[in-house]
Amino acid sequence: QVQLVESGGGLVQAGGSLRLSCAASGRTFNSYAMGWFRQAPGREREYVATITWSGGTTYYAEFVKGRFTISRDNAKNTVYLQMNSLKSEDTAVYYCAADMVSASRLSRPSYVGAIEYWGQGTQVTVSS
């Protein structure tokens, strides 16, 4: 069992930055690919970024490339999402996810419903 707790969300103006954190506890953290997903009101949950267990490879959705950075610190059992140049359309609840599949598979839209572990989510609101 893995427990995931997100933090760092809040209200920010367009063009600003936020850093989300996801603290993991339970089974071996560095065995899991990790990811960030988001869900806006009335929309399905969507992939934002994923990272391999080692942190060596990352994947990003097109709409965040160049603005968001995913990273992890296995010594601290924590994964991060640095969000820069935020836009109003980035407003959503952001969720941390963990699974033992590859980070590439974790990024596939068809896999969202099968992801093994989720955090409770943290709200990000970007005002224009």
# chains A, B, ... in the order shown; residues from 1 in each chain; ligands from 1

call {"tool": "residues_around", "arguments": {"residues": "Thr52 in chain A", "least_positions_apart": "4", "cutoff": "12 Å", "atoms": "only C-alpha atoms", "output": "list in words"}}
result
Phe29, Asn30, Ser31, Tyr32, Ala33, Met34, Gly35, Gly56, Thr57, Thr58, Tyr59, Ile70, Ser71, Arg72, Asp73, Asn74, Val79, Ala98, Asp99, Met100, Val101, Ser102, Ala103, Ser104, Arg105, Leu106 and Ser107 of chain A

call {"tool": "closest_atom_pairs", "arguments": {"of": "range 46-118 of chain A", "to": "range 3-23 of chain A", "cutoff": "9 Å", "atoms": "only C-alpha atoms", "output": "tab-separated table"}}
result
residue	atom	partner	partner_atom	distance
A:Lys76	CA	A:Ala23	CA	7.9
A:Asn77	CA	A:Ala23	CA	6.0
A:Thr78	CA	A:Ala23	CA	4.6
A:Val79	CA	A:Cys22	CA	5.2
A:Tyr80	CA	A:Ser21	CA	4.5
A:Leu81	CA	A:Leu20	CA	5.0
A:Gln82	CA	A:Arg19	CA	4.4
A:Met83	CA	A:Leu18	CA	5.2
A:Asn84	CA	A:Ser17	CA	4.4
A:Ser85	CA	A:Gly15	CA	4.2
A:Leu86	CA	A:Gly15	CA	4.9
A:Lys87	CA	A:Ala14	CA	5.0
A:Ser88	CA	A:Ala14	CA	6.2
A:Val93	CA	A:Gly9	CA	8.6
A:Tyr94	CA	A:Gly9	CA	8.1
A:Tyr95	CA	A:Glu6	CA	7.2
A:Cys96	CA	A:Cys22	CA	6.3
A:Ala97	CA	A:Leu4	CA	7.6
A:Ala98	CA	A:Leu4	CA	8.2
A:Tyr117	CA	A:Gln3	CA	7.5
A:Trp118	CA	A:Leu4	CA	6.4

call {"tool": "write_last_selection", "arguments": {"atoms": "N, CA and C atoms", "output": "PDB file, in the first residue's frame"}}
result
ATOM      1  N   LYS A  76      13.772  11.479   0.003  1.00  0.00           N
ATOM      2  CA  LYS A  76      12.705  12.131   0.774  1.00  0.00           C
ATOM      3  C   LYS A  76      11.333  11.559   0.447  1.00  0.00           C
ATOM      4  N   ASN A  77      11.280  10.557  -0.421  1.00  0.00           N
ATOM      5  CA  ASN A  77      10.003   9.964  -0.830  1.00  0.00           C
ATOM      6  C   ASN A  77       9.028  11.032  -1.330  1.00  0.00           C
ATOM      7  N   THR A  78       9.523  11.930  -2.141  1.00  0.00           N
ATOM      8  CA  THR A  78       8.712  13.071  -2.577  1.00  0.00           C
ATOM      9  C   THR A  78       8.885  13.314  -4.073  1.00  0.00           C
ATOM     10  N   VAL A  79       7.784  13.648  -4.716  1.00  0.00           N
ATOM     11  CA  VAL A  79       7.810  14.059  -6.111  1.00  0.00           C
ATOM     12  C   VAL A  79       7.272  15.480  -6.181  1.00  0.00           C
ATOM     13  N   TYR A  80       7.804  16.259  -7.104  1.00  0.00           N
ATOM     14  CA  TYR A  80       7.467  17.676  -7.208  1.00  0.00           C
ATOM     15  C   TYR A  80       6.938  18.006  -8.602  1.00  0.00           C
ATOM     16  N   LEU A  81       6.182  19.086  -8.659  1.00  0.00           N
ATOM     17  CA  LEU A  81       5.784  19.657  -9.934  1.00  0.00           C
ATOM     18  C   LEU A  81       5.983  21.170  -9.841  1.00  0.00           C
ATOM     19  N   GLN A  82       7.010  21.653 -10.508  1.00  0.00           N
ATOM     20  CA  GLN A  82       7.253  23.087 -10.583  1.00  0.00           C
ATOM     21  C   GLN A  82       6.463  23.636 -11.755  1.00  0.00           C
ATOM     22  N   MET A  83       5.586  24.591 -11.472  1.00  0.00           N
ATOM     23  CA  MET A  83       4.705  25.150 -12.493  1.00  0.00           C
ATOM     24  C   MET A  83       5.016  26.626 -12.669  1.00  0.00           C
ATOM     25  N   ASN A  84       5.479  26.987 -13.840  1.00  0.00           N
ATOM     26  CA  ASN A  84       5.798  28.377 -14.162  1.00  0.00           C
ATOM     27  C   ASN A  84       4.885  28.880 -15.273  1.00  0.00           C
ATOM     28  N   SER A  85       4.840  30.187 -15.437  1.00  0.00           N
ATOM     29  CA  SER A  85       4.035  30.801 -16.499  1.00  0.00           C
ATOM     30  C   SER A  85       2.610  30.262 -16.495  1.00  0.00           C
ATOM     31  N   LEU A  86       2.017  30.239 -15.332  1.00  0.00           N
ATOM     32  CA  LEU A  86       0.689  29.652 -15.191  1.00  0.00           C
ATOM     33  C   LEU A  86      -0.358  30.456 -15.960  1.00  0.00           C
ATOM     34  N   LYS A  87      -1.333  29.725 -16.481  1.00  0.00           N
ATOM     35  CA  LYS A  87      -2.425  30.311 -17.249  1.00  0.00           C
ATOM     36  C   LYS A  87      -3.753  29.982 -16.556  1.00  0.00           C
ATOM     37  N   SER A  88      -4.781  30.740 -16.872  1.00  0.00           N
ATOM     38  CA  SER A  88      -6.078  30.494 -16.254  1.00  0.00           C
ATOM     39  C   SER A  88      -6.576  29.084 -16.556  1.00  0.00           C
ATOM     40  N   VAL A  93      -7.926  20.742  -9.991  1.00  0.00           N
ATOM     41  CA  VAL A  93      -7.396  19.980  -8.862  1.00  0.00           C
ATOM     42  C   VAL A  93      -6.279  19.102  -9.416  1.00  0.00           C
ATOM     43  N   TYR A  94      -5.123  19.182  -8.784  1.00  0.00           N
ATOM     44  CA  TYR A  94      -3.962  18.419  -9.232  1.00  0.00           C
ATOM     45  C   TYR A  94      -3.769  17.209  -8.320  1.00  0.00           C
ATOM     46  N   TYR A  95      -3.601  16.048  -8.970  1.00  0.00           N
ATOM     47  CA  TYR A  95      -3.468  14.790  -8.251  1.00  0.00           C
ATOM     48  C   TYR A  95      -2.101  14.160  -8.518  1.00  0.00           C
ATOM     49  N   CYS A  96      -1.558  13.591  -7.475  1.00  0.00           N
ATOM     50  CA  CYS A  96      -0.344  12.794  -7.571  1.00  0.00           C
ATOM     51  C   CYS A  96      -0.751  11.331  -7.745  1.00  0.00           C
ATOM     52  N   ALA A  97       0.006  10.587  -8.532  1.00  0.00           N
ATOM     53  CA  ALA A  97      -0.307   9.183  -8.779  1.00  0.00           C
ATOM     54  C   ALA A  97       0.960   8.347  -8.757  1.00  0.00           C
ATOM     55  N   ALA A  98       0.791   7.079  -8.390  1.00  0.00           N
ATOM     56  CA  ALA A  98       1.913   6.142  -8.351  1.00  0.00           C
ATOM     57  C   ALA A  98       1.468   4.804  -8.916  1.00  0.00           C
ATOM     58  N   TYR A 117      -2.495   3.997  -7.374  1.00  0.00           N
ATOM     59  CA  TYR A 117      -2.577   4.851  -6.190  1.00  0.00           C
ATOM     60  C   TYR A 117      -2.748   6.312  -6.583  1.00  0.00           C
ATOM     61  N   TRP A 118      -3.612   6.989  -5.820  1.00  0.00           N
ATOM     62  CA  TRP A 118      -3.879   8.415  -6.010  1.00  0.00           C
ATOM     63  C   TRP A 118      -3.795   9.151  -4.677  1.00  0.00           C
TER      64      TRP A 118
END

call {"tool": "select_by_dssp", "arguments": {"residues": "range 3-114 of chain A", "states": "alpha helix (DSSP H)", "output": "JSON, numbers by chain"}}
result
{"A": [103, 104, 105, 106]}

call {"tool": "select_by_dssp", "arguments": {"residues": "chain A", "states": "strand (DSSP E or B)", "output": "JSON, numbers by chain"}}
result
{"A": [2, 3, 4, 5, 6, 7, 10, 11, 12, 13, 18, 19, 20, 21, 22, 23, 24, 25, 26, 33, 34, 35, 36, 37, 38, 39, 46, 47, 48, 49, 50, 51, 58, 59, 60, 68, 69, 70, 71, 72, 73, 78, 79, 80, 81, 82, 83, 92, 93, 94, 95, 96, 97, 98, 99, 117, 118, 122, 123, 124, 125, 126, 127]}

call {"tool": "write_last_selection", "arguments": {"atoms": "C-alpha atoms", "output": "PDB file, in the first residue's frame"}}
result
ATOM      1  CA  VAL A   2       1.188   3.517  -0.853  1.00  0.00           C
ATOM      2  CA  GLN A   3      -0.218   6.703   0.637  1.00  0.00           C
ATOM      3  CA  LEU A   4       0.193   9.952  -1.276  1.00  0.00           C
ATOM      4  CA  VAL A   5      -0.332  13.424   0.160  1.00  0.00           C
ATOM      5  CA  GLU A   6      -0.174  16.498  -2.079  1.00  0.00           C
ATOM      6  CA  SER A   7       0.553  20.042  -0.940  1.00  0.00           C
ATOM      7  CA  GLY A  10      -3.267  27.761  -3.946  1.00  0.00           C
ATOM      8  CA  LEU A  11      -4.326  30.917  -5.719  1.00  0.00           C
ATOM      9  CA  VAL A  12      -1.874  32.613  -8.072  1.00  0.00           C
ATOM     10  CA  GLN A  13      -2.089  35.259 -10.759  1.00  0.00           C
ATOM     11  CA  LEU A  18       3.656  27.326  -7.851  1.00  0.00           C
ATOM     12  CA  ARG A  19       5.481  24.228  -6.673  1.00  0.00           C
ATOM     13  CA  LEU A  20       3.449  21.181  -5.806  1.00  0.00           C
ATOM     14  CA  SER A  21       4.803  18.421  -3.600  1.00  0.00           C
ATOM     15  CA  CYS A  22       3.633  14.852  -3.147  1.00  0.00           C
ATOM     16  CA  ALA A  23       4.882  12.967  -0.105  1.00  0.00           C
ATOM     17  CA  ALA A  24       4.678   9.192  -0.325  1.00  0.00           C
ATOM     18  CA  SER A  25       4.651   6.648   2.472  1.00  0.00           C
ATOM     19  CA  GLY A  26       4.205   2.938   2.635  1.00  0.00           C
ATOM     20  CA  ALA A  33       6.753   5.554 -11.552  1.00  0.00           C
ATOM     21  CA  MET A  34       5.092   8.759 -10.406  1.00  0.00           C
ATOM     22  CA  GLY A  35       2.883  11.241 -12.132  1.00  0.00           C
ATOM     23  CA  TRP A  36       0.842  14.392 -11.871  1.00  0.00           C
ATOM     24  CA  PHE A  37      -2.657  14.607 -13.276  1.00  0.00           C
ATOM     25  CA  ARG A  38      -5.326  17.280 -13.114  1.00  0.00           C
ATOM     26  CA  GLN A  39      -9.076  17.597 -13.307  1.00  0.00           C
ATOM     27  CA  GLU A  46      -5.921  14.299 -17.597  1.00  0.00           C
ATOM     28  CA  TYR A  47      -2.241  13.505 -17.591  1.00  0.00           C
ATOM     29  CA  VAL A  48       0.187  16.349 -16.922  1.00  0.00           C
ATOM     30  CA  ALA A  49       3.618  14.757 -16.382  1.00  0.00           C
ATOM     31  CA  THR A  50       5.227  11.480 -15.342  1.00  0.00           C
ATOM     32  CA  ILE A  51       8.674  10.431 -14.172  1.00  0.00           C
ATOM     33  CA  THR A  58      10.269  12.492 -17.786  1.00  0.00           C
ATOM     34  CA  TYR A  59       7.198  12.863 -19.968  1.00  0.00           C
ATOM     35  CA  TYR A  60       4.969  15.906 -20.391  1.00  0.00           C
ATOM     36  CA  PHE A  68       6.149  22.647 -15.909  1.00  0.00           C
ATOM     37  CA  THR A  69       8.923  20.441 -14.536  1.00  0.00           C
ATOM     38  CA  ILE A  70       8.449  17.147 -12.703  1.00  0.00           C
ATOM     39  CA  SER A  71      11.183  15.867 -10.409  1.00  0.00           C
ATOM     40  CA  ARG A  72      11.598  13.452  -7.533  1.00  0.00           C
ATOM     41  CA  ASP A  73      13.777  12.984  -4.484  1.00  0.00           C
ATOM     42  CA  THR A  78       8.712  13.071  -2.577  1.00  0.00           C
ATOM     43  CA  VAL A  79       7.810  14.059  -6.111  1.00  0.00           C
ATOM     44  CA  TYR A  80       7.467  17.676  -7.208  1.00  0.00           C
ATOM     45  CA  LEU A  81       5.784  19.657  -9.934  1.00  0.00           C
ATOM     46  CA  GLN A  82       7.253  23.087 -10.583  1.00  0.00           C
ATOM     47  CA  MET A  83       4.705  25.150 -12.493  1.00  0.00           C
ATOM     48  CA  ALA A  92      -7.794  22.429 -11.685  1.00  0.00           C
ATOM     49  CA  VAL A  93      -7.396  19.980  -8.862  1.00  0.00           C
ATOM     50  CA  TYR A  94      -3.962  18.419  -9.232  1.00  0.00           C
ATOM     51  CA  TYR A  95      -3.468  14.790  -8.251  1.00  0.00           C
ATOM     52  CA  CYS A  96      -0.344  12.794  -7.571  1.00  0.00           C
ATOM     53  CA  ALA A  97      -0.307   9.183  -8.779  1.00  0.00           C
ATOM     54  CA  ALA A  98       1.913   6.142  -8.351  1.00  0.00           C
ATOM     55  CA  ASP A  99       2.060   2.854 -10.211  1.00  0.00           C
ATOM     56  CA  TYR A 117      -2.577   4.851  -6.190  1.00  0.00           C
ATOM     57  CA  TRP A 118      -3.879   8.415  -6.010  1.00  0.00           C
ATOM     58  CA  THR A 122      -4.676  19.914  -4.222  1.00  0.00           C
ATOM     59  CA  GLN A 123      -6.516  22.870  -5.758  1.00  0.00           C
ATOM     60  CA  VAL A 124      -4.654  25.222  -8.089  1.00  0.00           C
ATOM     61  CA  THR A 125      -6.484  28.379  -9.108  1.00  0.00           C
ATOM     62  CA  VAL A 126      -4.971  30.812 -11.593  1.00  0.00           C
ATOM     63  CA  SER A 127      -6.621  34.204 -11.828  1.00  0.00           C
TER      64      SER A 127
END
